[in-house]
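Engineer: To be precise about what I am sending: the file is called upload_5.txt and holds compact mmCIF, C-alpha atoms.
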```
# COMPACT_ATOMS: atom_id res chain seq x y z
CA SER A 99 120.13 -23.47 -3.61
CA ALA A 100 119.70 -20.20 -5.50
CA VAL A 101 116.78 -17.82 -5.91
CA ILE A 102 116.19 -17.07 -9.57
CA SER A 103 113.81 -14.50 -10.98
CA GLN A 104 112.78 -14.00 -14.58
CA LYS A 105 111.10 -11.11 -16.30
CA PRO A 106 108.63 -11.00 -17.91
CA SER A 107 106.68 -13.94 -16.56
CA ARG A 108 104.60 -14.02 -19.72
CA ASP A 109 104.13 -12.07 -22.91
CA ILE A 110 102.12 -12.11 -26.09
CA CYS A 111 104.03 -10.87 -29.12
CA GLN A 112 103.39 -10.28 -32.79
CA ARG A 113 105.31 -12.29 -35.34
CA GLY A 114 108.43 -10.58 -36.61
CA THR A 115 109.11 -8.79 -33.33
CA SER A 116 111.59 -9.78 -30.61
CA LEU A 117 111.33 -10.49 -26.90
CA THR A 118 114.13 -10.14 -24.38
CA ILE A 119 113.93 -12.21 -21.21
CA GLN A 120 115.92 -11.30 -18.14
CA CYS A 121 117.25 -13.72 -15.55
CA GLN A 122 118.55 -12.52 -12.17
CA VAL A 123 120.14 -14.77 -9.54
CA ASP A 124 120.57 -13.85 -5.89
CA SER A 125 124.17 -15.09 -5.76
CA GLN A 126 127.12 -15.47 -8.08
CA VAL A 127 126.90 -18.68 -10.03
CA THR A 128 129.35 -20.45 -12.25
CA MET A 129 127.03 -21.68 -14.94
CA MET A 130 123.82 -20.28 -16.38
CA PHE A 131 121.69 -21.91 -19.02
CA TRP A 132 118.66 -21.17 -21.14
CA TYR A 133 116.10 -23.88 -21.87
CA ARG A 134 112.93 -24.08 -23.89
CA GLN A 135 109.98 -26.24 -22.96
CA GLN A 136 107.23 -26.62 -25.50
CA PRO A 137 103.76 -27.73 -24.40
CA GLY A 138 103.77 -31.31 -23.18
CA GLN A 139 107.46 -31.71 -23.92
CA SER A 140 110.58 -31.93 -21.85
CA LEU A 141 113.27 -29.32 -21.60
CA THR A 142 115.58 -28.55 -24.50
CA LEU A 143 118.84 -26.74 -23.83
CA ILE A 144 119.24 -23.68 -26.03
CA ALA A 145 122.65 -22.48 -24.86
CA THR A 146 125.06 -22.02 -22.01
CA ALA A 147 125.49 -18.36 -21.10
CA ASN A 148 129.18 -17.65 -20.55
CA GLN A 149 130.23 -14.69 -18.48
CA GLY A 150 132.23 -12.23 -20.54
CA SER A 151 132.20 -14.24 -23.74
CA GLU A 152 129.87 -15.56 -26.39
CA ALA A 153 127.29 -18.13 -25.41
CA THR A 154 127.71 -21.77 -26.38
CA TYR A 155 124.75 -22.89 -28.48
CA GLU A 156 123.32 -26.36 -28.85
CA SER A 157 122.63 -27.97 -32.18
CA GLY A 158 119.64 -26.35 -33.84
CA PHE A 159 120.01 -23.00 -32.07
CA VAL A 160 121.93 -20.03 -33.48
CA ILE A 161 123.09 -16.72 -32.13
CA ASP A 162 121.18 -14.67 -34.69
CA LYS A 163 117.90 -16.13 -33.51
CA PHE A 164 118.72 -16.40 -29.78
CA PRO A 165 121.28 -13.76 -28.82
CA ILE A 166 122.37 -14.12 -25.19
CA SER A 167 124.19 -11.75 -22.91
CA ARG A 168 125.83 -12.45 -19.58
CA PRO A 169 127.55 -9.33 -18.31
CA ASN A 170 128.25 -10.70 -14.81
CA LEU A 171 127.87 -13.77 -12.61
CA THR A 172 124.32 -12.97 -11.49
CA PHE A 173 122.51 -11.81 -14.63
CA SER A 174 121.74 -12.96 -18.15
CA THR A 175 119.36 -12.12 -20.96
CA LEU A 176 117.95 -14.22 -23.78
CA THR A 177 116.43 -12.54 -26.81
CA VAL A 178 114.14 -14.49 -29.11
CA SER A 179 114.33 -12.66 -32.43
CA ASN A 180 112.10 -12.47 -35.48
CA LEU A 181 109.32 -14.27 -33.67
CA SER A 182 107.11 -16.85 -35.34
CA PRO A 183 104.27 -18.90 -33.83
CA GLU A 184 106.67 -21.85 -33.56
CA ASP A 185 108.59 -19.89 -30.91
CA SER A 186 105.59 -20.05 -28.58
CA SER A 187 106.98 -21.87 -25.59
CA ILE A 188 108.17 -21.53 -22.03
CA TYR A 189 111.71 -20.24 -21.70
CA LEU A 190 113.56 -21.15 -18.53
CA CYS A 191 116.73 -19.79 -17.03
CA SER A 192 118.73 -22.28 -15.03
CA VAL A 193 121.86 -22.16 -12.89
CA ARG A 194 124.32 -24.62 -11.53
CA LEU A 195 126.13 -23.71 -8.34
CA ALA A 196 129.28 -25.71 -8.94
CA VAL A 197 130.92 -27.38 -11.87
CA ILE A 198 132.42 -30.33 -10.14
CA SER A 199 131.18 -31.29 -6.73
CA SER A 200 128.42 -33.15 -5.09
CA TYR A 201 126.37 -29.97 -5.41
CA ASN A 202 126.07 -29.86 -9.18
CA GLU A 203 122.28 -29.82 -9.20
CA GLN A 204 120.54 -27.32 -11.46
CA PHE A 205 117.95 -24.86 -10.30
CA PHE A 206 115.38 -23.19 -12.49
CA GLY A 207 113.76 -19.82 -12.69
CA PRO A 208 109.96 -19.60 -12.83
CA GLY A 209 109.97 -19.39 -16.62
CA THR A 210 108.66 -16.97 -19.23
CA ARG A 211 105.59 -18.06 -21.14
CA LEU A 212 105.73 -16.66 -24.65
CA THR A 213 102.83 -16.69 -27.08
CA VAL A 214 103.41 -15.49 -30.63
CA LEU A 215 100.40 -14.50 -32.68
CA ARG B 156 117.62 -42.87 -29.66
CA LYS B 157 116.84 -40.52 -26.80
CA GLU B 158 119.40 -40.07 -24.05
CA VAL B 159 116.76 -40.54 -21.36
CA GLU B 160 113.47 -42.39 -21.70
CA GLN B 161 110.50 -42.39 -19.39
CA ASP B 162 107.00 -43.77 -19.53
CA PRO B 163 104.84 -40.66 -19.93
CA GLY B 164 101.97 -42.16 -17.94
CA PRO B 165 99.70 -40.93 -16.56
CA PHE B 166 99.86 -43.09 -13.47
CA ASN B 167 96.51 -42.75 -11.70
CA VAL B 168 96.71 -44.00 -8.13
CA PRO B 169 94.58 -43.63 -4.99
CA GLU B 170 95.83 -41.77 -1.96
CA GLY B 171 98.01 -43.97 0.21
CA ALA B 172 99.19 -46.13 -2.66
CA THR B 173 102.79 -46.93 -3.45
CA VAL B 174 103.90 -46.05 -6.97
CA ALA B 175 107.17 -46.53 -8.80
CA PHE B 176 108.62 -44.95 -11.93
CA ASN B 177 111.55 -46.13 -13.96
CA CYS B 178 113.77 -44.23 -16.30
CA THR B 179 116.39 -45.66 -18.67
CA TYR B 180 119.43 -43.88 -20.03
CA SER B 181 121.53 -44.68 -23.06
CA ASN B 182 125.03 -43.54 -22.09
CA SER B 183 126.76 -46.00 -19.79
CA ALA B 184 129.28 -43.31 -18.80
CA SER B 185 126.60 -41.01 -17.38
CA GLN B 186 127.81 -39.45 -14.18
CA SER B 187 125.04 -37.93 -12.06
CA PHE B 188 121.39 -38.70 -11.72
CA PHE B 189 118.46 -36.72 -10.40
CA TRP B 190 114.70 -36.70 -10.10
CA TYR B 191 112.94 -33.40 -10.60
CA ARG B 192 109.31 -32.62 -9.99
CA GLN B 193 107.35 -30.25 -12.21
CA ASP B 194 103.92 -28.99 -11.28
CA CYS B 195 101.56 -27.80 -13.97
CA ARG B 196 102.68 -24.47 -15.43
CA LYS B 197 105.62 -24.27 -13.01
CA GLU B 198 109.36 -24.73 -13.32
CA PRO B 199 111.07 -28.04 -12.52
CA LYS B 200 112.26 -28.37 -8.94
CA LEU B 201 114.88 -30.75 -7.66
CA LEU B 202 113.27 -33.62 -5.79
CA MET B 203 116.35 -35.66 -5.02
CA SER B 204 119.72 -36.74 -6.27
CA VAL B 205 120.22 -40.43 -6.93
CA TYR B 206 123.28 -42.10 -5.44
CA SER B 207 124.83 -45.39 -6.41
CA SER B 208 123.90 -46.97 -3.10
CA GLY B 209 120.31 -45.77 -3.35
CA ASN B 210 118.88 -43.12 -1.10
CA GLU B 211 115.74 -42.29 0.75
CA ASP B 212 114.09 -39.01 1.67
CA GLY B 213 110.95 -39.51 3.70
CA ARG B 214 108.39 -41.26 1.49
CA PHE B 215 110.66 -41.12 -1.55
CA THR B 216 113.29 -43.72 -2.42
CA ALA B 217 115.59 -43.48 -5.43
CA GLN B 218 117.65 -46.32 -6.83
CA LEU B 219 120.34 -46.50 -9.50
CA ASN B 220 121.15 -49.62 -11.47
CA ARG B 221 124.24 -48.90 -13.54
CA ALA B 222 124.43 -52.40 -15.02
CA SER B 223 120.96 -52.09 -16.53
CA GLN B 224 121.20 -48.32 -16.98
CA TYR B 225 118.06 -47.31 -15.19
CA ILE B 226 117.02 -45.28 -12.23
CA SER B 227 113.84 -45.58 -10.27
CA LEU B 228 111.72 -43.50 -7.95
CA LEU B 229 109.42 -45.07 -5.39
CA ILE B 230 106.77 -43.01 -3.64
CA ARG B 231 105.12 -44.54 -0.60
CA ASP B 232 101.84 -43.46 0.99
CA SER B 233 100.98 -41.17 -1.94
CA LYS B 234 99.44 -37.80 -1.13
CA LEU B 235 97.23 -35.66 -3.31
CA SER B 236 100.05 -33.12 -3.33
CA ASP B 237 102.34 -35.64 -5.03
CA SER B 238 100.38 -35.13 -8.26
CA ALA B 239 102.90 -33.72 -10.71
CA THR B 240 105.19 -34.69 -13.57
CA TYR B 241 108.42 -36.37 -12.49
CA LEU B 242 111.46 -35.75 -14.68
CA CYS B 243 114.42 -38.05 -14.77
CA VAL B 244 117.74 -36.26 -15.34
CA VAL B 245 121.08 -37.74 -16.28
CA THR B 246 124.35 -35.88 -16.70
CA TYR B 247 127.33 -36.55 -18.90
CA PHE B 248 130.33 -34.24 -19.04
CA ASN B 249 128.42 -31.43 -17.40
CA LYS B 250 125.46 -31.66 -19.77
CA PHE B 251 122.07 -32.36 -18.29
CA TYR B 252 119.74 -34.62 -20.23
CA PHE B 253 116.07 -34.50 -19.28
CA GLY B 254 113.49 -37.19 -19.78
CA SER B 255 110.09 -36.15 -21.04
CA GLY B 256 108.54 -36.85 -17.66
CA THR B 257 106.09 -39.24 -16.06
CA LYS B 258 102.77 -37.79 -15.01
CA LEU B 259 101.34 -38.88 -11.66
CA ASN B 260 97.74 -38.26 -10.62
CA VAL B 261 96.90 -39.12 -7.03
CA LYS B 262 93.15 -39.40 -6.52
CA PRO B 263 91.21 -39.09 -3.26
```
What do you get writing this file as structure tokens?

Structural biologist:
Amino acid sequence: SAVISQKPSRDICQRGTSLTIQCQVDSQVTMMFWYRQQPGQSLTLIATANQGSEATYESGFVIDKFPISRPNLTFSTLTVSNLSPEDSSIYLCSVRLAVISSYNEQFFGPGTRLTVL
Amino acid sequence: RKEVEQDPGPFNVPEGATVAFNCTYSNSASQSFFWYRQDCRKEPKLLMSVYSSGNEDGRFTAQLNRASQYISLLIRDSKLSDSATYLCVVTYFNKFYFGSGTKLNVKP
């Protein structure tokens, strides 16, 4: 498995501001992902963070709103821009250790709980 | 139609009971299958992978039925600590699809 840390663990922000979430993994990983989980809901994939290139966004998510960086194989950031109360959610970083193998399970960071006032 | 469907529950069972959850998936070409456990206000954690032949890990047994496109999780001798939400996960071409989870409450 992998040990994943996220910062901050929680934050309360004013609407119109931005929050950047950091994800650090204790080993080099092939694939990193960002998810959102709204209260009582399951996980929704925001994007795949690609090392050295632009992230791949899922339908309904755009780079202007959710810019992502991945400068190396152990670190990524997600910024949630121009915050509105609808962005209040838990944001989770996730990694997959291998693309094709019997070890393609995903592991999750502890999450960042964002509240927008 | 959702890729993965689960009964949200909650399933309220006494300690020591046996409880089973099912999960159905829509894409017959789905490739890998997992059960994750999520405690309240925590991240999901991998409980077990699900193999075609079925597999067991202690009190937990997972089964896959490709013909009917469902997977199941059986928990025997339930413990209070088993109380959590159980997420069914299905993959297709490297994308993970999460169910909305089944909530289990184990009561003393």

Engineer: Atom CA of Ser233 of chain B and atom CA of Arg214 of chain B are how many Å apart?

Structural biologist: 8.2 Å

Engineer: Restricting the calculation to all atoms listed in the file: of B:Met203, B:Val174, B:Leu259, B:Val159, which residue gets closest to Tyr247 of chain B?

Structural biologist: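 For Tyr247 of chain B, the nearest of the candidates is B:Val159.
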
Engineer: Taking all atoms listed in the file into account, which of A:Thr146, A:Gln135, A:Ser125, A:Ser186 comes nearest Gly256 of chain B?

Structural biologist: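 Of A:Thr146, A:Gln135, A:Ser125, A:Ser186, the one nearest Gly256 of chain B, counting all atoms listed in the file, is A:Gln135.
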
Engineer: What is the atom CA of Asn170 of chain A-atom CA of Lys105 of chain A distance in Å, reported with one decimal?

Structural biologist: 17.2 Å

Engineer: Give me the residues near Val168 of chain B as a PyMOL selection string, where near means some atom within 9 Å (using all atoms listed in the file) and where sequence neighbours in that chain fewer than 3 positions away do not count.

Structural biologist: chain B and resi 171-174+233+259-263

Engineer: Given all atoms listed in the file, how would the per-residue table for chain A near chain B read, listing every residue at most 6 Å away with its closest atom pair and distance in Å to one decimal, sorted by chain and number, as a tab-separated table?

Structural biologist:
```
residue	atom	partner	partner_atom	distance
A:Gln139	CA	B:Ser255	CA	5.9
A:Ser140	CA	B:Ser255	CA	4.3
A:Pro208	CA	B:Glu198	CA	5.2
```

Engineer: Could you jot down the atom CA of Pro165 of chain B to atom CA of Phe131 of chain A separation for me, Å, one decimal place?

Structural biologist: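 We find that atom CA of Pro165 of chain B and atom CA of Phe131 of chain A lie 29.2 Å from each other.
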
Engineer: A:Thr142, A:Asn202, A:Arg108, A:Leu215: which is nearest Gln186 of chain B, counting only C-alpha atoms?

Structural biologist: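 Checking each of A:Thr142, A:Asn202, A:Arg108, A:Leu215 against Gln186 of chain B, counting only C-alpha atoms, the winner is A:Asn202.
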
Engineer: Using all atoms listed in the file, which protein or nucleic acid residues come within 9 Å of Pro183 of chain A? Drop anything in the same chain fewer than 4 positions from it, and give the result as a PyMOL selection string.

Structural biologist: chain A and resi 112-113+213-215

Engineer: Hey, what's within 10 Å of Gln224 of chain B if we count all atoms listed in the file and toss same-chain stuff fewer than 2 positions away? As a list in words, please?

Structural biologist: Val159, Cys178, Thr179, Tyr180, Ser181, Asn182, Ser183, Ala184, Ser185, Leu219, Asn220, Arg221, Ala222 and Ile226 of chain B

Engineer: Restricted to C-alpha atoms, what would the selected residues look like written as a JSON list (two decimals), in the coordinates of the input?

Structural biologist:
```json
[["chain", "number", "residue", "atom", "x", "y", "z"],
["B", 159, "VAL", "CA", 116.76, -40.54, -21.36],
["B", 178, "CYS", "CA", 113.77, -44.23, -16.30],
["B", 179, "THR", "CA", 116.39, -45.66, -18.67],
["B", 180, "TYR", "CA", 119.43, -43.88, -20.03],
["B", 181, "SER", "CA", 121.53, -44.68, -23.06],
["B", 182, "ASN", "CA", 125.03, -43.54, -22.09],
["B", 183, "SER", "CA", 126.76, -46.00, -19.79],
["B", 184, "ALA", "CA", 129.28, -43.31, -18.80],
["B", 185, "SER", "CA", 126.60, -41.01, -17.38],
["B", 219, "LEU", "CA", 120.34, -46.50, -9.50],
["B", 220, "ASN", "CA", 121.15, -49.62, -11.47],
["B", 221, "ARG", "CA", 124.24, -48.90, -13.54],
["B", 222, "ALA", "CA", 124.43, -52.40, -15.02],
["B", 226, "ILE", "CA", 117.02, -45.28, -12.23]]
```

Engineer: Pick from A:Phe206, A:Ser116, A:Cys191, A:Asp185: nearest to Pro137 of chain A, with only C-alpha atoms counted?

Structural biologist: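 Looking only at the distances to Pro137 of chain A, the closest residue turns out to be A:Asp185.
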
Engineer: For Gly213 of chain B, which residue out of B:Arg192, B:Asn177, B:Arg231, B:Tyr225 is the nearest one, using all atoms listed in the file?

Structural biologist: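 The shortest atom-to-atom distance to Gly213 of chain B comes from B:Arg231.
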
Engineer: Which neighbours of Gln104 of chain A fall inside 10 Å, counting all atoms listed in the file, when residues of the same chain fewer than 4 positions from it are skipped, and could you give them as number ranges by chain?

Structural biologist: A: 108, 119-123, 173-175, 189-191, 206-210

Engineer: Could those selected residues go to a file with C-alpha atoms, as a CSV table (one decimal), keeping the file's coordinate frame?

Structural biologist:
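Output file result-v3.csv is given in full below:
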```csv
chain,number,residue,atom,x,y,z
A,108,ARG,CA,104.6,-14.0,-19.7
A,119,ILE,CA,113.9,-12.2,-21.2
A,120,GLN,CA,115.9,-11.3,-18.1
A,121,CYS,CA,117.2,-13.7,-15.6
A,122,GLN,CA,118.6,-12.5,-12.2
A,123,VAL,CA,120.1,-14.8,-9.5
A,173,PHE,CA,122.5,-11.8,-14.6
A,174,SER,CA,121.7,-13.0,-18.2
A,175,THR,CA,119.4,-12.1,-21.0
A,189,TYR,CA,111.7,-20.2,-21.7
A,190,LEU,CA,113.6,-21.2,-18.5
A,191,CYS,CA,116.7,-19.8,-17.0
A,206,PHE,CA,115.4,-23.2,-12.5
A,207,GLY,CA,113.8,-19.8,-12.7
A,208,PRO,CA,110.0,-19.6,-12.8
A,209,GLY,CA,110.0,-19.4,-16.6
A,210,THR,CA,108.7,-17.0,-19.2
```
